[in-house]
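To start, the structure itself, in structure tokens.
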Amino acid sequence: MQIIESGLQFEGLWARSETSLIVLHHSASADVTAAEIHKWHRAKGWSGIGYHFVIRKDGSIERGRPQEMIGAHAGAGVNGHSIGICLCGNFMQQLPSGAQLVSLVELVVWLRRYYRAAGGSELEIKLHREVGATQCPGTKFPARQFDGLLQLAMAEEGGEQMEDWKAKIIQQAKDAGLIRDDHHPDEPAPKWFVLTVALNAIKLAKS
Ligand SMILES: [Zn+2]
């Protein structure tokens, strides 16, 4: 996984003392750079971009606010212990791209591993609308499919205690028509497999 550094300048930032949550957002716009969102948020009088990561339509991940600093994305009661990830696009009108979903899964798995290794607890993941009065990240954001993809990816790195869970997830994916070929739960899920599931999930959501 590659994070593209944006080299943005901020007015004044404070470090987070706790990280327990990831909040997902959409940009409610066209495909824009983290630098562009930085300008929008500076224009509101903020220190700079409020999100820590921006995922472009092509799946590339751009850094926004430094990861350990308090963000501005989900309200004062949430920002102090959370990381904000923004996917470019308006998911009131369209679905995220398959590449965006795959990158989101990669980033979330990476962040969870990072904070687990640092001695923290497993990060929770919530949509912005679950922690605030908003429709963000849009009514078309495929929350259930994203959760399925994330569970597949987590199961892959989870080891033996996850075997039953893996088998269950794969059966659910087959039942939902997300995957066609038989996939043995002991096999790691390579990127092409996750991508196929993502693309099928999007086709299913469109139909
Ligand atoms: Zn939001």
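Each chain in the structure tokens gets a letter, A, B, ..., in the order shown, and its residues are numbered from 1; ligands are numbered from 1 in order too.
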
Using only C-alpha atoms and all ligand atoms, what are the residues with an atom within 9 Å of ligand 1, set out as a PDB file with C-alpha atoms, in the first residue's frame?
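What ended up in result16.pdb:
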ATOM      1  CA  VAL A  23     -14.905   7.536  10.235  1.00  0.00           C
ATOM      2  CA  LEU A  24     -15.719   7.208   6.523  1.00  0.00           C
ATOM      3  CA  HIS A  25     -16.790  10.185   4.377  1.00  0.00           C
ATOM      4  CA  HIS A  26     -17.445  11.114   0.761  1.00  0.00           C
ATOM      5  CA  SER A  27     -16.249  14.404  -0.736  1.00  0.00           C
ATOM      6  CA  ALA A  28     -19.737  15.107  -2.236  1.00  0.00           C
ATOM      7  CA  HIS A  73     -14.399  15.777  10.014  1.00  0.00           C
ATOM      8  CA  ALA A  74     -17.008  14.423  12.414  1.00  0.00           C
ATOM      9  CA  GLY A  84     -11.146  10.547   8.977  1.00  0.00           C
ATOM     10  CA  ILE A  85     -10.994   8.941   5.528  1.00  0.00           C
ATOM     11  CA  CYS A  86     -12.658  10.697   2.592  1.00  0.00           C
ATOM     12  CA  LEU A 127     -19.887   5.894   8.550  1.00  0.00           C
ATOM     13  CA  HIS A 128     -20.096   9.635   9.216  1.00  0.00           C
ATOM     14  CA  ARG A 129     -23.894   9.367   9.444  1.00  0.00           C
ATOM     15  CA  GLY A 132     -23.546  12.756  13.199  1.00  0.00           C
ATOM     16  CA  THR A 134     -25.702  13.864   7.974  1.00  0.00           C
ATOM     17  CA  GLN A 135     -26.234  11.522   5.040  1.00  0.00           C
ATOM     18  CA  CYS A 136     -22.449  11.311   4.478  1.00  0.00           C
ATOM     19  CA  PRO A 137     -20.965   9.158   2.883  1.00  0.00           C
ATOM     20  CA  GLY A 138     -24.155   9.085   0.789  1.00  0.00           C
TER      21      GLY A 138
END

Problem - alpha helix (DSSP H) positions in segment 62-140 of chain A, given as number ranges by chain - result: A: 76-79, 98-117, 128-131

Exercise for the section: Would you list the contacts of Gln67 of chain A as a list in words, taking every protein, DNA or RNA residue within 10 Å and counting only C-alpha atoms, but skipping same-chain residues closer than 5 positions in sequence? Expected result: Ala15, Arg16, Tyr51, His52, Phe53, Ser82, Ile83, Gly84 and Leu111 of chain A

Practice task
With a distance cut-off of 12 Å and only C-alpha atoms, select the neighbouring residues of Pro96 of chain A, excluding the residue or stretch itself and same-chain residues fewer than 5 positions from it, and output the selection as a PyMOL selection string.
Solution key: chain A and resi 25-31+55-59+86-91+101-104+137-143+145-146+198-199+201-203+205-206

Export N, CA and C atoms of the chosen residues as an mmCIF file, in the first residue's frame?
data_model
loop_
_atom_site.group_PDB
_atom_site.id
_atom_site.type_symbol
_atom_site.label_atom_id
_atom_site.label_comp_id
_atom_site.auth_asym_id
_atom_site.auth_seq_id
_atom_site.Cartn_x
_atom_site.Cartn_y
_atom_site.Cartn_z
ATOM 1 N N HIS A 25 -16.088 9.053 4.979
ATOM 2 C CA HIS A 25 -16.790 10.185 4.377
ATOM 3 C C HIS A 25 -16.743 10.091 2.851
ATOM 4 N N HIS A 26 -17.639 10.844 2.188
ATOM 5 C CA HIS A 26 -17.445 11.114 0.761
ATOM 6 C C HIS A 26 -17.167 12.609 0.614
ATOM 7 N N SER A 27 -16.588 12.986 -0.545
ATOM 8 C CA SER A 27 -16.249 14.404 -0.736
ATOM 9 C C SER A 27 -17.466 15.182 -1.225
ATOM 10 N N ALA A 28 -18.545 14.467 -1.660
ATOM 11 C CA ALA A 28 -19.737 15.107 -2.236
ATOM 12 C C ALA A 28 -19.337 16.047 -3.371
ATOM 13 N N SER A 29 -18.385 15.565 -4.195
ATOM 14 C CA SER A 29 -17.857 16.396 -5.280
ATOM 15 C C SER A 29 -17.327 15.479 -6.379
ATOM 16 N N ALA A 30 -16.715 16.086 -7.375
ATOM 17 C CA ALA A 30 -15.990 15.309 -8.389
ATOM 18 C C ALA A 30 -14.705 14.753 -7.756
ATOM 19 N N ASP A 31 -13.912 14.061 -8.572
ATOM 20 C CA ASP A 31 -12.634 13.507 -8.116
ATOM 21 C C ASP A 31 -11.651 14.658 -7.907
ATOM 22 N N ILE A 55 -9.099 9.206 -0.739
ATOM 23 C CA ILE A 55 -8.958 8.119 -1.717
ATOM 24 C C ILE A 55 -9.596 8.558 -3.027
ATOM 25 N N ARG A 56 -8.736 8.667 -4.042
ATOM 26 C CA ARG A 56 -9.179 9.150 -5.354
ATOM 27 C C ARG A 56 -9.927 8.059 -6.103
ATOM 28 N N LYS A 57 -10.592 8.448 -7.189
ATOM 29 C CA LYS A 57 -11.373 7.500 -7.994
ATOM 30 C C LYS A 57 -10.523 6.332 -8.506
ATOM 31 N N ASP A 58 -9.251 6.621 -8.816
ATOM 32 C CA ASP A 58 -8.386 5.555 -9.351
ATOM 33 C C ASP A 58 -7.797 4.695 -8.233
ATOM 34 N N GLY A 59 -8.211 4.951 -6.994
ATOM 35 C CA GLY A 59 -7.765 4.129 -5.871
ATOM 36 C C GLY A 59 -6.516 4.654 -5.189
ATOM 37 N N CYS A 86 -11.693 10.162 3.555
ATOM 38 C CA CYS A 86 -12.658 10.697 2.592
ATOM 39 C C CYS A 86 -12.469 10.038 1.228
ATOM 40 N N LEU A 87 -13.547 9.476 0.689
ATOM 41 C CA LEU A 87 -13.521 8.933 -0.668
ATOM 42 C C LEU A 87 -14.081 9.994 -1.614
ATOM 43 N N CYS A 88 -13.352 10.258 -2.701
ATOM 44 C CA CYS A 88 -13.809 11.256 -3.663
ATOM 45 C C CYS A 88 -15.031 10.766 -4.419
ATOM 46 N N GLY A 89 -15.989 11.655 -4.580
ATOM 47 C CA GLY A 89 -17.203 11.319 -5.317
ATOM 48 C C GLY A 89 -18.414 11.735 -4.503
ATOM 49 N N ASN A 90 -19.563 11.743 -5.172
ATOM 50 C CA ASN A 90 -20.812 12.033 -4.480
ATOM 51 C C ASN A 90 -21.650 10.772 -4.478
ATOM 52 N N PHE A 91 -21.659 10.080 -3.334
ATOM 53 C CA PHE A 91 -22.338 8.786 -3.266
ATOM 54 C C PHE A 91 -23.816 8.919 -2.913
ATOM 55 N N LEU A 101 -12.830 1.125 -3.284
ATOM 56 C CA LEU A 101 -13.206 0.193 -2.211
ATOM 57 C C LEU A 101 -12.032 -0.696 -1.820
ATOM 58 N N VAL A 102 -11.284 -1.169 -2.818
ATOM 59 C CA VAL A 102 -10.131 -2.029 -2.526
ATOM 60 C C VAL A 102 -9.083 -1.244 -1.736
ATOM 61 N N SER A 103 -8.821 0.009 -2.145
ATOM 62 C CA SER A 103 -7.839 0.832 -1.412
ATOM 63 C C SER A 103 -8.325 1.140 -0.003
ATOM 64 N N LEU A 104 -9.636 1.349 0.141
ATOM 65 C CA LEU A 104 -10.193 1.626 1.465
ATOM 66 C C LEU A 104 -9.977 0.422 2.389
ATOM 67 N N PRO A 137 -21.528 9.002 4.232
ATOM 68 C CA PRO A 137 -20.965 9.158 2.883
ATOM 69 C C PRO A 137 -21.938 8.861 1.737
ATOM 70 N N GLY A 138 -23.206 9.243 1.897
ATOM 71 C CA GLY A 138 -24.155 9.085 0.789
ATOM 72 C C GLY A 138 -24.940 7.792 0.869
ATOM 73 N N THR A 139 -26.182 7.874 0.400
ATOM 74 C CA THR A 139 -27.084 6.712 0.496
ATOM 75 C C THR A 139 -26.650 5.558 -0.412
ATOM 76 N N LYS A 140 -25.815 5.857 -1.417
ATOM 77 C CA LYS A 140 -25.361 4.786 -2.318
ATOM 78 C C LYS A 140 -24.042 4.138 -1.872
ATOM 79 N N PHE A 141 -23.456 4.626 -0.778
ATOM 80 C CA PHE A 141 -22.231 3.975 -0.303
ATOM 81 C C PHE A 141 -22.568 2.535 0.078
ATOM 82 N N PRO A 142 -21.884 1.534 -0.531
ATOM 83 C CA PRO A 142 -22.268 0.132 -0.318
ATOM 84 C C PRO A 142 -21.725 -0.418 1.004
ATOM 85 N N ALA A 143 -22.363 -0.002 2.103
ATOM 86 C CA ALA A 143 -21.844 -0.308 3.438
ATOM 87 C C ALA A 143 -21.730 -1.820 3.689
ATOM 88 N N GLN A 145 -21.502 -4.302 1.485
ATOM 89 C CA GLN A 145 -20.461 -4.914 0.658
ATOM 90 C C GLN A 145 -19.071 -4.554 1.181
ATOM 91 N N PHE A 146 -18.921 -3.297 1.630
ATOM 92 C CA PHE A 146 -17.629 -2.886 2.184
ATOM 93 C C PHE A 146 -17.304 -3.733 3.415
ATOM 94 N N ALA A 198 -15.180 -6.951 -5.193
ATOM 95 C CA ALA A 198 -15.610 -5.543 -5.154
ATOM 96 C C ALA A 198 -16.407 -5.187 -6.402
ATOM 97 N N LEU A 199 -15.892 -5.596 -7.548
ATOM 98 C CA LEU A 199 -16.564 -5.259 -8.799
ATOM 99 C C LEU A 199 -17.928 -5.939 -8.891
ATOM 100 N N ALA A 201 -19.722 -6.788 -6.349
ATOM 101 C CA ALA A 201 -20.572 -6.117 -5.352
ATOM 102 C C ALA A 201 -21.202 -4.870 -5.949
ATOM 103 N N ILE A 202 -20.392 -4.172 -6.759
ATOM 104 C CA ILE A 202 -20.896 -2.941 -7.367
ATOM 105 C C ILE A 202 -21.943 -3.254 -8.433
ATOM 106 N N LYS A 203 -21.677 -4.302 -9.234
ATOM 107 C CA LYS A 203 -22.669 -4.729 -10.229
ATOM 108 C C LYS A 203 -23.979 -5.099 -9.546
ATOM 109 N N ALA A 205 -25.049 -4.068 -6.628
ATOM 110 C CA ALA A 205 -25.694 -2.882 -6.062
ATOM 111 C C ALA A 205 -26.397 -2.066 -7.138
ATOM 112 N N LYS A 206 -25.858 -2.115 -8.363
ATOM 113 C CA LYS A 206 -26.453 -1.350 -9.484
ATOM 114 C C LYS A 206 -27.711 -2.021 -10.009
#

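In this structure, atom CA of Gln100 of chain A sits 7.7 Å away from atom CA of Ser60 of chain A.
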
Problem - Computed interatomic separation between atom CA of Leu123 of chain A and atom CA of Glu5 of chain A (Å) - result: 23.2 Å

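Of note, atom CA of Val54 of chain A and atom CA of Ala155 of chain A are spaced 25.2 Å apart.
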
Exercise for the section: Could you tell me which of A:Ile49, A:Thr19, A:Gly64, A:Leu95 comes closest to Ile4 of chain A if we count only C-alpha atoms? Expected result: A:Gly64

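Minimum atom-to-atom distance to Pro66 of chain A, evaluated using only C-alpha atoms, belongs to A:Gly48 out of A:Gln151, A:Ala118, A:Leu195, A:Gly48.
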
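Distances from A:Glu122, A:Glu106, A:Glu36, A:Glu18 to Leu149 of chain A were compared using only C-alpha atoms, and the smallest one belongs to A:Glu106.
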
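Distance check against Thr33 of chain A using only C-alpha atoms: of A:Ala173, A:Leu21, A:Leu8, A:Leu107, the minimum falls on A:Leu8.
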
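All residues in segment 61-114 of chain A with a DSSP state of strand (DSSP E or B), computed from the backbone, read Ile61, Glu62, Arg63, Met69, Ser82, Ile83, Gly84, Ile85, Cys86 and Leu87 of chain A.
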
Need the shell around Gly12 of chain A: protein/DNA/RNA residues with any atom at most 12 Å away, counting only C-alpha atoms. Skip same-chain ones fewer than 5 positions apart. Format as a compact mmCIF listing (two decimals) with N, CA and C atoms, in the first residue's frame?
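part_34.txt written:
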# COMPACT_ATOMS: atom_id res chain seq x y z
N ARG A 42 -9.37 25.39 4.31
CA ARG A 42 -8.69 26.62 4.71
C ARG A 42 -9.62 27.82 4.52
N GLY A 45 -11.72 28.71 7.27
CA GLY A 45 -11.01 29.19 8.45
C GLY A 45 -10.42 28.06 9.31
N TRP A 46 -10.41 26.83 8.76
CA TRP A 46 -9.83 25.71 9.50
C TRP A 46 -8.31 25.71 9.31
N SER A 47 -7.62 24.86 10.11
CA SER A 47 -6.16 24.76 10.01
C SER A 47 -5.71 24.23 8.65
N GLY A 48 -6.61 23.50 8.00
CA GLY A 48 -6.31 22.86 6.72
C GLY A 48 -7.24 21.69 6.55
N ILE A 49 -6.96 20.82 5.59
CA ILE A 49 -7.86 19.69 5.31
C ILE A 49 -8.20 18.96 6.62
N ARG A 65 -4.45 15.54 6.56
CA ARG A 65 -3.89 15.98 7.84
C ARG A 65 -2.97 14.88 8.39
N PRO A 66 -1.86 15.24 9.05
CA PRO A 66 -0.97 14.19 9.58
C PRO A 66 -1.76 13.22 10.48
N MET A 69 -2.56 13.73 14.25
CA MET A 69 -3.13 15.01 14.68
C MET A 69 -4.66 14.94 14.71
N ILE A 70 -5.27 15.77 15.57
CA ILE A 70 -6.73 15.80 15.66
C ILE A 70 -7.29 16.35 14.35
N GLY A 71 -8.23 15.62 13.76
CA GLY A 71 -8.83 16.03 12.50
C GLY A 71 -10.02 16.94 12.70
